[in-house]
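So the structure is just underneath, and the comments pick up after that.
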2 protein chains.
Amino acid sequence: MADRRGEGDGVVTTPKTTADTPADVRERARAIPEAAVARLAVYLRVLSGMAEQGVTTISSEELAGAAGVNSAKLRKDLSYVGSYGTRGVGYDVEVLVSHIERILGLTRKHSVAVVGIGNLGHALANYGGFPSRGFPVAALFDIDPDLTGVPVGGIPVDHIDDITSVCSAREVSIGVIATPPQAAQAVCDRLVSAGVQCILNFAPVVLQVPDYVEVRKVDLAVEMQILSFHVARRADEAAGDVVNGVGVDGVVIRP
Amino acid sequence: MADRRGEGDGVVTTPKTTADTPADVRERARAIPEAAVARLAVYLRVLSGMAEQGVTTISSEELAGAAGVNSAKLRKDLSYVGSYGTRGVGYDVEVLVSHIERILGLTRKHSVAVVGIGNLGHALANYGGFPSRGFPVAALFDIDPDLTGVPVGGIPVDHIDDITSVCSAREVSIGVIATPPQAAQAVCDRLVSAGVQCILNFAPVVLQVPDYVEVRKVDLAVEMQILSFHVARRADEAAGDVVNGVGVDGVVIRP
DNA sequence: CCAACTTTGTGCAAGCGTTCACAAGCGGTA
DNA sequence: TACCGCTTGTGAACGCTTGCACAAAGTTGG
């Protein structure tokens, strides 16, 4: 499926028309909006699925439908990657996949370290989606000495005191924090001092990091509360449309 | 969106001072940008922590620092909630907490159902952050008959065939999908037919739902790929700063 | 009571991202 | 080769979000 790392270099499909020097790619990558990057990752997954099903060509309309966006946005997003479509026809699935992978930096392996082997840490260590997409889990850490040496998902757990040395040695480029909130900042600091520049944080805290470190946050409580907000808004609207809040507001809304 | 029915007639009087009728809250909630809602949830957590530490008053500058945003944005966000600060002083922590909770709909309990009791599902079922924040886990589901009846995190697992009846009976308002991608859409359809209008989706697929259903997606692979993009961009920039062109995949990481 | 100081709340302008609309380009056909 | 229909790629308009800067409002000290 998405195992085309390694390729891309020698291969260089980028043929005829567009010159596409590394400098171009660099310049282009710099300008891609964050939101578009997130969507590119989604397109990539959809395209991988298409490729598996034997689809070789796809139009922006089809791909947009499958990815849940409108086709204009999709084309604009793809235009950040380059012009690899054929007018009147659509996009070659394989070509598109390889170019998106290149832009997303998936031609290179990114070793991952997971810190905090609790419920979530276990789930992450065993999550098949990481290695199969070019993100091998190279190290696991926990503060509990009883866990040290115990293999989880095939990888032995190290003690968090060894984060710096182990991460440096194994060239970890992405750190995943799945610790309790109290420990998160300390763990983060160690990861940073080990040279890790990208962090995925599951702990419900705002991490303080140097400018050159990129942090992405996955906050379950926040997600739930956003949903809660929508539940409430919806309930309010319904209440406002039909009945209305008792006597407090005598406002009548007519549908 | 496109839910402006009802209004347009002589609705809502937008009173002078701070009367704050339910209609006002309704009107205000409707207007809060999605991005601001997400931040409000973060402010809420920070404020809760402050309250626990005995802090009673906080300025926008302090709170902004703790939440990792700039103070102007914070004040604008809070202004969506209402004007509950005291000029020259700051905000009363407790007051702010209660108003944000009200806006986010946290005064009401939202029962949660988790579908797919694999690694992630287990972690979610045992995650203490849910119940403690007003999101009691009321039901668990899996397709595996061997799991049915087995309690996980104190709640017995039901079979996914019973999603509709159980969710209706227990008034589940938020569904969490932690199944493999192939099963996600079917599970989603069942949740929707059970009346669930908010879904948190961990499966790496784009769910198709009716307009009135709100879906939030947590996609680990996408998060990793976004980080990968930044690693690559950084590497490219570093390479571009020093050498120009040449190497296809210049690595070079700089501190 | 006044003056000096602090901090909120917000109008406004700049910046991004999304959407629209259409010219340009390509394959197929006669 | 010339024409036709289809789909891409993108300039331009639009709308949402952010950040600035400052008046309004409150506190404190004399």
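Chain labels run A, B, ... following the order of the structure tokens; each chain numbers its residues from 1, and ligands are numbered from 1 in the order shown.
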Could you write out as a PDB file with N, CA, C and O atoms, in the first residue's frame the residues of chain A within 9 Å of chain D, counting only C-alpha atoms (C1' of nucleotides)?
```
ATOM      1  N   SER A  59     -10.382  11.300 -11.549  1.00  0.00           N
ATOM      2  CA  SER A  59     -10.622  12.716 -11.794  1.00  0.00           C
ATOM      3  C   SER A  59     -10.706  13.453 -10.459  1.00  0.00           C
ATOM      4  O   SER A  59     -10.913  12.841  -9.409  1.00  0.00           O
ATOM      5  N   SER A  60     -10.547  14.755 -10.503  1.00  0.00           N
ATOM      6  CA  SER A  60     -10.587  15.536  -9.271  1.00  0.00           C
ATOM      7  C   SER A  60     -11.948  15.391  -8.605  1.00  0.00           C
ATOM      8  O   SER A  60     -12.049  15.375  -7.384  1.00  0.00           O
ATOM      9  N   ARG A  75      -8.244  20.392  -6.219  1.00  0.00           N
ATOM     10  CA  ARG A  75      -7.321  20.752  -7.303  1.00  0.00           C
ATOM     11  C   ARG A  75      -6.311  21.793  -6.833  1.00  0.00           C
ATOM     12  O   ARG A  75      -5.138  21.740  -7.165  1.00  0.00           O
ATOM     13  N   LYS A  76      -6.789  22.722  -6.035  1.00  0.00           N
ATOM     14  CA  LYS A  76      -5.875  23.731  -5.503  1.00  0.00           C
ATOM     15  C   LYS A  76      -4.807  23.061  -4.639  1.00  0.00           C
ATOM     16  O   LYS A  76      -3.619  23.360  -4.745  1.00  0.00           O
ATOM     17  N   SER A  79      -2.380  21.390  -6.679  1.00  0.00           N
ATOM     18  CA  SER A  79      -1.538  22.321  -7.427  1.00  0.00           C
ATOM     19  C   SER A  79      -0.337  22.766  -6.583  1.00  0.00           C
ATOM     20  O   SER A  79       0.682  23.166  -7.120  1.00  0.00           O
ATOM     21  N   SER A  83       1.908  20.192 -11.055  1.00  0.00           N
ATOM     22  CA  SER A  83       0.888  19.943 -12.076  1.00  0.00           C
ATOM     23  C   SER A  83       1.093  18.574 -12.683  1.00  0.00           C
ATOM     24  O   SER A  83       1.815  18.412 -13.661  1.00  0.00           O
ATOM     25  N   GLY A  85      -1.615  16.429 -13.393  1.00  0.00           N
ATOM     26  CA  GLY A  85      -2.844  15.896 -13.976  1.00  0.00           C
ATOM     27  C   GLY A  85      -2.809  16.024 -15.481  1.00  0.00           C
ATOM     28  O   GLY A  85      -1.949  16.693 -16.047  1.00  0.00           O
ATOM     29  N   THR A  86      -3.729  15.371 -16.125  1.00  0.00           N
ATOM     30  CA  THR A  86      -3.858  15.494 -17.568  1.00  0.00           C
ATOM     31  C   THR A  86      -5.236  16.045 -17.873  1.00  0.00           C
ATOM     32  O   THR A  86      -6.235  15.419 -17.535  1.00  0.00           O
ATOM     33  N   ARG A  87      -5.270  17.213 -18.463  1.00  0.00           N
ATOM     34  CA  ARG A  87      -6.561  17.851 -18.730  1.00  0.00           C
ATOM     35  C   ARG A  87      -7.408  16.990 -19.649  1.00  0.00           C
ATOM     36  O   ARG A  87      -6.908  16.401 -20.587  1.00  0.00           O
ATOM     37  N   GLY A  88      -8.655  16.927 -19.328  1.00  0.00           N
ATOM     38  CA  GLY A  88      -9.559  16.093 -20.103  1.00  0.00           C
ATOM     39  C   GLY A  88      -9.580  14.651 -19.632  1.00  0.00           C
ATOM     40  O   GLY A  88     -10.442  13.878 -20.025  1.00  0.00           O
ATOM     41  N   VAL A  89      -8.615  14.295 -18.777  1.00  0.00           N
ATOM     42  CA  VAL A  89      -8.526  12.907 -18.331  1.00  0.00           C
ATOM     43  C   VAL A  89      -8.605  12.784 -16.809  1.00  0.00           C
ATOM     44  O   VAL A  89      -9.490  12.149 -16.258  1.00  0.00           O
ATOM     45  N   GLY A  90      -7.659  13.396 -16.137  1.00  0.00           N
ATOM     46  CA  GLY A  90      -7.610  13.265 -14.688  1.00  0.00           C
ATOM     47  C   GLY A  90      -6.184  13.032 -14.223  1.00  0.00           C
ATOM     48  O   GLY A  90      -5.242  13.452 -14.893  1.00  0.00           O
TER      49      GLY A  90
END
```
| task | Please give the complete set of residues from region 31-236 of chain A that DSSP, run on the backbone, assigns to helix (DSSP H, G or I), formatted as a ChimeraX atom specification. | result | /A:31,34-52,60-67,71-81,93-103,119-126,131-133,160-169,181-193,220-236
| request: Do a least-squares overlay of chain B on chain A, C-alpha atoms all paired in order, then report the RMSD in Å. | output: 6.6 Å
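Here CA of Val157 (chain B) and CA of Val115 (chain A) stand 29.0 Å from one another.
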| request: Might you pull out every residue within 10 Å of region 45-50 of chain A, with only C-alpha atoms (C1' of nucleotides) counted and same-chain residues fewer than 2 positions away left off, and present them as an MDAnalysis selection string? | output: (chainID A and resid 1:3 39:43 52:58 63:64 66:67 92:94 96:97 133) or (chainID B and resid 204:206 221:222)
| task | Pick out the chain C residues within 8 Å of chain B. Count only C-alpha atoms (C1' of nucleotides). Give them as an MDAnalysis selection string. | result | chainID C and resid 6:9
| query | DSSP says strand (DSSP E) for which residues of region 2-156 of chain A? Put them as an MDAnalysis selection string? | reply | chainID A and resid 57:58 85:86 90:92 111:115 137:142 151:152 155:156
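Straight-line separation from CA of Ala235 (chain B) to CA of His110 (chain A): 12.6 Å.
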| What is the distance between CA of Ala232 (chain B) and CA of Tyr80 (chain A), in Å to one decimal? | 15.6 Å
| said: Measuring between only C-alpha atoms, which one of A:Asp162, A:Glu101, A:Asp77, A:Asp146 shows the shortest distance to chain B? | reply: A:Glu101
| query | Could you name the residues that touch Asp211 (chain B) at 10 Å or less, counting only C-alpha atoms (C1' of nucleotides), but leaving out those on the same chain fewer than 3 positions away, as a ChimeraX atom specification? | reply | /B:1,197,208,214-215
